[in-house]
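**Student:** For reference, this is run36.cif, and it has mmCIF, C-alpha atoms.
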```cif
data_upload
#
loop_
_atom_site.group_PDB
_atom_site.id
_atom_site.type_symbol
_atom_site.label_atom_id
_atom_site.label_comp_id
_atom_site.auth_asym_id
_atom_site.auth_seq_id
_atom_site.Cartn_x
_atom_site.Cartn_y
_atom_site.Cartn_z
ATOM 1 C CA LEU A 1 0.000 0.000 0.000
ATOM 2 C CA GLN A 2 1.364 3.404 -0.983
ATOM 3 C CA LEU A 3 0.175 6.572 0.712
ATOM 4 C CA VAL A 4 0.523 10.126 -0.554
ATOM 5 C CA GLU A 5 -0.446 13.147 1.516
ATOM 6 C CA SER A 6 -1.404 16.517 0.109
ATOM 7 C CA GLY A 7 -3.125 19.712 1.158
ATOM 8 C CA GLY A 8 -0.594 21.165 3.549
ATOM 9 C CA GLY A 9 0.515 24.767 3.457
ATOM 10 C CA LEU A 10 0.723 28.061 5.287
ATOM 11 C CA VAL A 11 -2.415 29.313 7.011
ATOM 12 C CA GLN A 12 -3.183 32.035 9.505
ATOM 13 C CA PRO A 13 -4.354 31.207 13.020
ATOM 14 C CA GLY A 14 -8.048 30.459 12.996
ATOM 15 C CA GLY A 15 -7.913 29.267 9.413
ATOM 16 C CA SER A 16 -8.680 25.879 7.904
ATOM 17 C CA LEU A 17 -6.956 23.263 5.796
ATOM 18 C CA ARG A 18 -8.029 19.904 4.469
ATOM 19 C CA LEU A 19 -5.370 17.242 4.172
ATOM 20 C CA SER A 20 -5.807 14.300 1.838
ATOM 21 C CA CYS A 21 -4.251 10.856 2.022
ATOM 22 C CA ALA A 22 -4.516 8.979 -1.271
ATOM 23 C CA ALA A 23 -3.828 5.255 -1.228
ATOM 24 C CA SER A 24 -2.880 2.891 -4.006
ATOM 25 C CA GLY A 25 -1.550 -0.601 -4.520
ATOM 26 C CA SER A 26 -3.677 -2.740 -2.229
ATOM 27 C CA SER A 27 -7.134 -3.285 -0.790
ATOM 28 C CA PHE A 28 -7.743 0.033 0.880
ATOM 29 C CA ASP A 29 -10.963 -1.228 2.452
ATOM 30 C CA TYR A 30 -8.975 -3.498 4.754
ATOM 31 C CA TYR A 31 -6.815 -0.802 6.289
ATOM 32 C CA ALA A 32 -7.348 1.455 9.231
ATOM 33 C CA ILE A 33 -5.856 4.892 8.699
ATOM 34 C CA GLY A 34 -4.266 7.294 11.108
ATOM 35 C CA TRP A 35 -2.992 10.855 10.892
ATOM 36 C CA PHE A 36 0.112 11.669 12.876
ATOM 37 C CA ARG A 37 2.197 14.792 13.186
ATOM 38 C CA GLN A 38 5.682 15.724 14.222
ATOM 39 C CA ALA A 39 6.829 19.212 15.104
ATOM 40 C CA PRO A 40 10.524 20.181 15.205
ATOM 41 C CA GLY A 41 12.149 18.876 18.362
ATOM 42 C CA LYS A 42 9.055 16.967 19.422
ATOM 43 C CA GLU A 43 7.999 13.364 19.305
ATOM 44 C CA ARG A 44 5.514 12.147 16.753
ATOM 45 C CA GLU A 45 1.966 12.156 18.059
ATOM 46 C CA GLY A 46 -1.316 10.708 16.902
ATOM 47 C CA VAL A 47 -3.871 13.236 15.709
ATOM 48 C CA SER A 48 -6.867 11.280 14.405
ATOM 49 C CA CYS A 49 -7.619 7.798 13.162
ATOM 50 C CA ILE A 50 -10.456 5.978 11.450
ATOM 51 C CA GLY A 51 -11.200 2.280 11.239
ATOM 52 C CA THR A 52 -12.302 0.149 8.348
ATOM 53 C CA GLN A 53 -15.844 0.464 7.078
ATOM 54 C CA SER A 54 -18.016 -1.641 9.369
ATOM 55 C CA SER A 55 -20.885 -1.348 11.819
ATOM 56 C CA THR A 56 -18.276 -0.847 14.538
ATOM 57 C CA GLN A 57 -16.179 1.720 12.705
ATOM 58 C CA GLU A 58 -14.573 4.099 15.128
ATOM 59 C CA THR A 59 -12.771 7.366 14.923
ATOM 60 C CA GLN A 60 -10.474 8.787 17.540
ATOM 61 C CA ASP A 61 -9.112 12.275 17.980
ATOM 62 C CA ALA A 62 -6.361 13.539 20.221
ATOM 63 C CA ASP A 63 -7.592 15.812 23.006
ATOM 64 C CA SER A 64 -5.642 18.689 21.499
ATOM 65 C CA VAL A 65 -7.697 18.588 18.282
ATOM 66 C CA LYS A 66 -11.126 17.475 19.460
ATOM 67 C CA GLY A 67 -13.845 19.709 18.148
ATOM 68 C CA ARG A 68 -11.502 21.220 15.562
ATOM 69 C CA PHE A 69 -10.333 18.309 13.372
ATOM 70 C CA THR A 70 -12.512 15.750 11.598
ATOM 71 C CA ILE A 71 -11.311 12.597 9.902
ATOM 72 C CA SER A 72 -13.289 10.882 7.159
ATOM 73 C CA ARG A 73 -12.767 8.324 4.420
ATOM 74 C CA ASP A 74 -14.226 7.323 1.083
ATOM 75 C CA ASN A 75 -13.268 3.800 0.101
ATOM 76 C CA THR A 76 -14.541 4.319 -3.450
ATOM 77 C CA LYS A 77 -11.866 6.995 -3.840
ATOM 78 C CA ASN A 78 -9.188 5.269 -1.737
ATOM 79 C CA THR A 79 -8.833 8.506 0.190
ATOM 80 C CA VAL A 80 -8.893 9.708 3.770
ATOM 81 C CA TRP A 81 -9.255 13.379 4.644
ATOM 82 C CA LEU A 82 -8.396 15.390 7.708
ATOM 83 C CA GLN A 83 -10.434 18.563 7.932
ATOM 84 C CA MET A 84 -8.641 20.990 10.212
ATOM 85 C CA ASN A 85 -10.488 24.052 11.460
ATOM 86 C CA SER A 86 -9.626 26.769 13.964
ATOM 87 C CA LEU A 87 -5.954 26.103 13.435
ATOM 88 C CA LYS A 88 -3.473 27.225 16.063
ATOM 89 C CA PRO A 89 0.266 27.892 15.840
ATOM 90 C CA GLU A 90 0.833 24.763 17.938
ATOM 91 C CA ASP A 91 -0.692 22.705 15.107
ATOM 92 C CA THR A 92 2.386 23.478 13.024
ATOM 93 C CA ALA A 93 4.048 20.194 12.109
ATOM 94 C CA VAL A 94 4.658 17.697 9.358
ATOM 95 C CA TYR A 95 1.522 15.585 9.038
ATOM 96 C CA PHE A 96 1.728 11.953 8.026
ATOM 97 C CA CYS A 97 -0.932 9.441 7.179
ATOM 98 C CA ALA A 98 -0.357 5.805 7.973
ATOM 99 C CA ALA A 99 -2.158 2.497 7.560
ATOM 100 C CA PHE A 100 -2.352 -0.847 9.312
ATOM 101 C CA SER A 101 -4.041 -3.950 8.006
ATOM 102 C CA ASP A 102 -7.368 -4.969 9.535
ATOM 103 C CA PRO A 103 -8.261 -8.070 7.498
ATOM 104 C CA PHE A 104 -11.381 -8.819 9.538
ATOM 105 C CA ARG A 105 -12.587 -5.224 9.260
ATOM 106 C CA THR A 106 -13.173 -4.827 12.956
ATOM 107 C CA GLY A 107 -13.524 -1.085 12.480
ATOM 108 C CA PHE A 108 -11.049 -0.239 15.233
ATOM 109 C CA CYS A 109 -8.143 2.155 14.886
ATOM 110 C CA LYS A 110 -5.098 3.077 16.962
ATOM 111 C CA LEU A 111 -4.091 6.566 17.924
ATOM 112 C CA VAL A 112 -1.246 5.898 20.342
ATOM 113 C CA GLU A 113 0.307 2.733 18.952
ATOM 114 C CA ASP A 114 1.994 4.241 15.937
ATOM 115 C CA TYR A 115 4.329 1.231 15.825
ATOM 116 C CA GLU A 116 1.354 -0.847 14.675
ATOM 117 C CA TYR A 117 1.141 1.089 11.449
ATOM 118 C CA GLU A 118 2.778 -0.750 8.566
ATOM 119 C CA HIS A 119 2.672 1.862 5.819
ATOM 120 C CA TRP A 120 3.511 5.547 5.970
ATOM 121 C CA GLY A 121 3.350 8.456 3.605
ATOM 122 C CA GLN A 122 6.084 11.027 3.141
ATOM 123 C CA GLY A 123 4.281 13.775 4.995
ATOM 124 C CA THR A 124 2.959 17.235 4.244
ATOM 125 C CA GLN A 125 3.974 20.423 6.035
ATOM 126 C CA VAL A 126 1.357 22.471 7.852
ATOM 127 C CA THR A 127 2.423 25.880 9.129
ATOM 128 C CA VAL A 128 0.081 28.048 11.147
ATOM 129 C CA SER A 129 1.425 31.548 11.449
ATOM 130 C CA SER A 130 0.403 35.140 11.025
#
```
Represent the structure contained in this file as structure tokens.
**Tutor:**
Amino acid sequence: LQLVESGGGLVQPGGSLRLSCAASGSSFDYYAIGWFRQAPGKEREGVSCIGTQSSTQETQDADSVKGRFTISRDNTKNTVWLQMNSLKPEDTAVYFCAAFSDPFRTGFCKLVEDYEYEHWGQGTQVTVSS
């Protein structure tokens, strides 16, 4: 599975961006997807994740982004989006999408266990500054 992020850029505080994660090369339906970020000098942290399409599909958001970020997916387009609103300077980071296989489509995802993710994109820079 190959992942390519896009949609990053420079935005003023309070602004919005929508990141995209486009997947190719494998059965996207059987992967849970997570968004992670890493700021200079800081450890990578989980931002949001979404499970496979099922009756038990879950999403998770880090406390720091709850109410501001929304993750969604469209399996027909092999794409996951991260809608980011009310951006703050502390949201500045390189954002990565990642995937781990969920062959039984449990619908669960992982926000903390980034080591469980098997495939990673190259990242897209988000800078929030006036």
**Student:** Evaluate the PyMOL selection byres ((chain A and resi 111) around 10) and record the selected residues as a ChimeraX atom specification, following the chain and residue labels used in the document.
**Tutor:** /A:33-36,45-50,59-62,109-110,112-114,116-117
**Student:** Save the residues we just selected, C-alpha atoms, as a short mmCIF file (atom, residue, chain, number, x, y, z; two decimals), in the coordinates of the input?
**Tutor:**
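As a result, out.cif now contains:
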```cif
data_model
loop_
_atom_site.label_atom_id
_atom_site.label_comp_id
_atom_site.auth_asym_id
_atom_site.auth_seq_id
_atom_site.Cartn_x
_atom_site.Cartn_y
_atom_site.Cartn_z
CA ILE A 33 -5.86 4.89 8.70
CA GLY A 34 -4.27 7.29 11.11
CA TRP A 35 -2.99 10.86 10.89
CA PHE A 36 0.11 11.67 12.88
CA GLU A 45 1.97 12.16 18.06
CA GLY A 46 -1.32 10.71 16.90
CA VAL A 47 -3.87 13.24 15.71
CA SER A 48 -6.87 11.28 14.40
CA CYS A 49 -7.62 7.80 13.16
CA ILE A 50 -10.46 5.98 11.45
CA THR A 59 -12.77 7.37 14.92
CA GLN A 60 -10.47 8.79 17.54
CA ASP A 61 -9.11 12.28 17.98
CA ALA A 62 -6.36 13.54 20.22
CA CYS A 109 -8.14 2.15 14.89
CA LYS A 110 -5.10 3.08 16.96
CA VAL A 112 -1.25 5.90 20.34
CA GLU A 113 0.31 2.73 18.95
CA ASP A 114 1.99 4.24 15.94
CA GLU A 116 1.35 -0.85 14.68
CA TYR A 117 1.14 1.09 11.45
#
```
**Student:** Env of Pro40 of chain A: 10 Å cut, atoms = all atoms listed in the file, seq-sep filter 6 positions within chain, self excluded. Answer as a PyMOL selection string.
**Tutor:** chain A and resi 92-94
**Student:** Put those residues in a file: C-alpha atoms, as a short mmCIF file (atom, residue, chain, number, x, y, z; two decimals), in the frame of the given file.
**Tutor:**
```cif
data_model
loop_
_atom_site.label_atom_id
_atom_site.label_comp_id
_atom_site.auth_asym_id
_atom_site.auth_seq_id
_atom_site.Cartn_x
_atom_site.Cartn_y
_atom_site.Cartn_z
CA THR A 92 2.39 23.48 13.02
CA ALA A 93 4.05 20.19 12.11
CA VAL A 94 4.66 17.70 9.36
#
```
**Student:** Written as a PyMOL selection string, what is the full residue list that the PyMOL selection byres ((chain A and resi 4) around 6) yields on the file shown?
**Tutor:** chain A and resi 3+5+21-22+121
**Student:** For the structure shown, which residues end up in the PyMOL selection byres ((chain A and resi 6) around 6)? Put them as a list in words, please?
**Tutor:**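 For this structure, the PyMOL selection byres ((chain A and resi 6) around 6) resolves to Glu5, Gly7, Gly8, Leu19 and Ser20 of chain A.
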**Student:** What is the atom CA of Thr56 of chain A to atom CA of Arg68 of chain A distance in Å?
**Tutor:** 23.1 Å
**Student:** Tell me which residues come within 6 Å of (-6.3, 27.7, 14.6), as a PyMOL selection string, counting all atoms listed in the file in the file's coordinates.
**Tutor:** chain A and resi 13-15+86-88
**Student:** How would segment 96-118 of chain A look with N, CA and C atoms restored, written as an mmCIF file, in the coordinates of the input?
**Tutor:**
```
data_model
loop_
_atom_site.group_PDB
_atom_site.id
_atom_site.type_symbol
_atom_site.label_atom_id
_atom_site.label_comp_id
_atom_site.auth_asym_id
_atom_site.auth_seq_id
_atom_site.Cartn_x
_atom_site.Cartn_y
_atom_site.Cartn_z
ATOM 1 N N PHE A 96 1.579 13.211 8.742
ATOM 2 C CA PHE A 96 1.728 11.953 8.026
ATOM 3 C C PHE A 96 0.440 11.143 8.114
ATOM 4 N N CYS A 97 0.105 10.457 7.045
ATOM 5 C CA CYS A 97 -0.932 9.441 7.179
ATOM 6 C C CYS A 97 -0.263 8.072 7.168
ATOM 7 N N ALA A 98 -0.907 7.139 7.828
ATOM 8 C CA ALA A 98 -0.357 5.805 7.973
ATOM 9 C C ALA A 98 -1.485 4.795 7.968
ATOM 10 N N ALA A 99 -1.140 3.534 7.674
ATOM 11 C CA ALA A 99 -2.158 2.497 7.560
ATOM 12 C C ALA A 99 -1.697 1.208 8.226
ATOM 13 N N PHE A 100 -2.630 0.517 8.858
ATOM 14 C CA PHE A 100 -2.352 -0.847 9.312
ATOM 15 C C PHE A 100 -3.487 -1.749 8.853
ATOM 16 N N SER A 101 -3.111 -2.980 8.567
ATOM 17 C CA SER A 101 -4.041 -3.950 8.006
ATOM 18 C C SER A 101 -5.042 -4.425 9.050
ATOM 19 N N ASP A 102 -6.288 -4.458 8.690
ATOM 20 C CA ASP A 102 -7.368 -4.969 9.535
ATOM 21 C C ASP A 102 -8.185 -5.942 8.682
ATOM 22 N N PRO A 103 -7.648 -7.147 8.459
ATOM 23 C CA PRO A 103 -8.261 -8.070 7.498
ATOM 24 C C PRO A 103 -9.674 -8.505 7.855
ATOM 25 N N PHE A 104 -10.041 -8.427 9.123
ATOM 26 C CA PHE A 104 -11.381 -8.819 9.538
ATOM 27 C C PHE A 104 -12.322 -7.619 9.647
ATOM 28 N N ARG A 105 -11.807 -6.475 9.272
ATOM 29 C CA ARG A 105 -12.587 -5.224 9.260
ATOM 30 C C ARG A 105 -13.340 -5.031 10.562
ATOM 31 N N THR A 106 -12.571 -5.030 11.642
ATOM 32 C CA THR A 106 -13.173 -4.827 12.956
ATOM 33 C C THR A 106 -13.692 -3.400 13.129
ATOM 34 N N GLY A 107 -13.110 -2.473 12.363
ATOM 35 C CA GLY A 107 -13.524 -1.085 12.480
ATOM 36 C C GLY A 107 -12.724 -0.283 13.501
ATOM 37 N N PHE A 108 -11.811 -0.940 14.209
ATOM 38 C CA PHE A 108 -11.049 -0.239 15.233
ATOM 39 C C PHE A 108 -9.852 0.483 14.621
ATOM 40 N N CYS A 109 -9.365 1.495 15.322
ATOM 41 C CA CYS A 109 -8.143 2.155 14.886
ATOM 42 C C CYS A 109 -7.279 2.432 16.110
ATOM 43 N N LYS A 110 -6.067 2.884 15.880
ATOM 44 C CA LYS A 110 -5.098 3.077 16.962
ATOM 45 C C LYS A 110 -4.513 4.481 16.850
ATOM 46 N N LEU A 111 -4.581 5.196 17.950
ATOM 47 C CA LEU A 111 -4.091 6.566 17.924
ATOM 48 C C LEU A 111 -2.738 6.695 18.612
ATOM 49 N N VAL A 112 -2.480 5.826 19.569
ATOM 50 C CA VAL A 112 -1.246 5.898 20.342
ATOM 51 C C VAL A 112 -0.179 4.942 19.798
ATOM 52 N N GLU A 113 -0.627 3.781 19.353
ATOM 53 C CA GLU A 113 0.307 2.733 18.952
ATOM 54 C C GLU A 113 0.776 2.931 17.513
ATOM 55 N N ASP A 114 1.561 3.973 17.306
ATOM 56 C CA ASP A 114 1.994 4.241 15.937
ATOM 57 C C ASP A 114 2.884 3.121 15.393
ATOM 58 N N TYR A 115 3.483 2.341 16.263
ATOM 59 C CA TYR A 115 4.329 1.231 15.825
ATOM 60 C C TYR A 115 3.520 0.132 15.148
ATOM 61 N N GLU A 116 2.214 0.151 15.308
ATOM 62 C CA GLU A 116 1.354 -0.847 14.675
ATOM 63 C C GLU A 116 1.121 -0.531 13.199
ATOM 64 N N TYR A 117 1.415 0.677 12.825
ATOM 65 C CA TYR A 117 1.141 1.089 11.449
ATOM 66 C C TYR A 117 2.238 0.593 10.521
ATOM 67 N N GLU A 118 1.831 -0.071 9.458
ATOM 68 C CA GLU A 118 2.778 -0.750 8.566
ATOM 69 C C GLU A 118 3.224 0.123 7.404
#
```
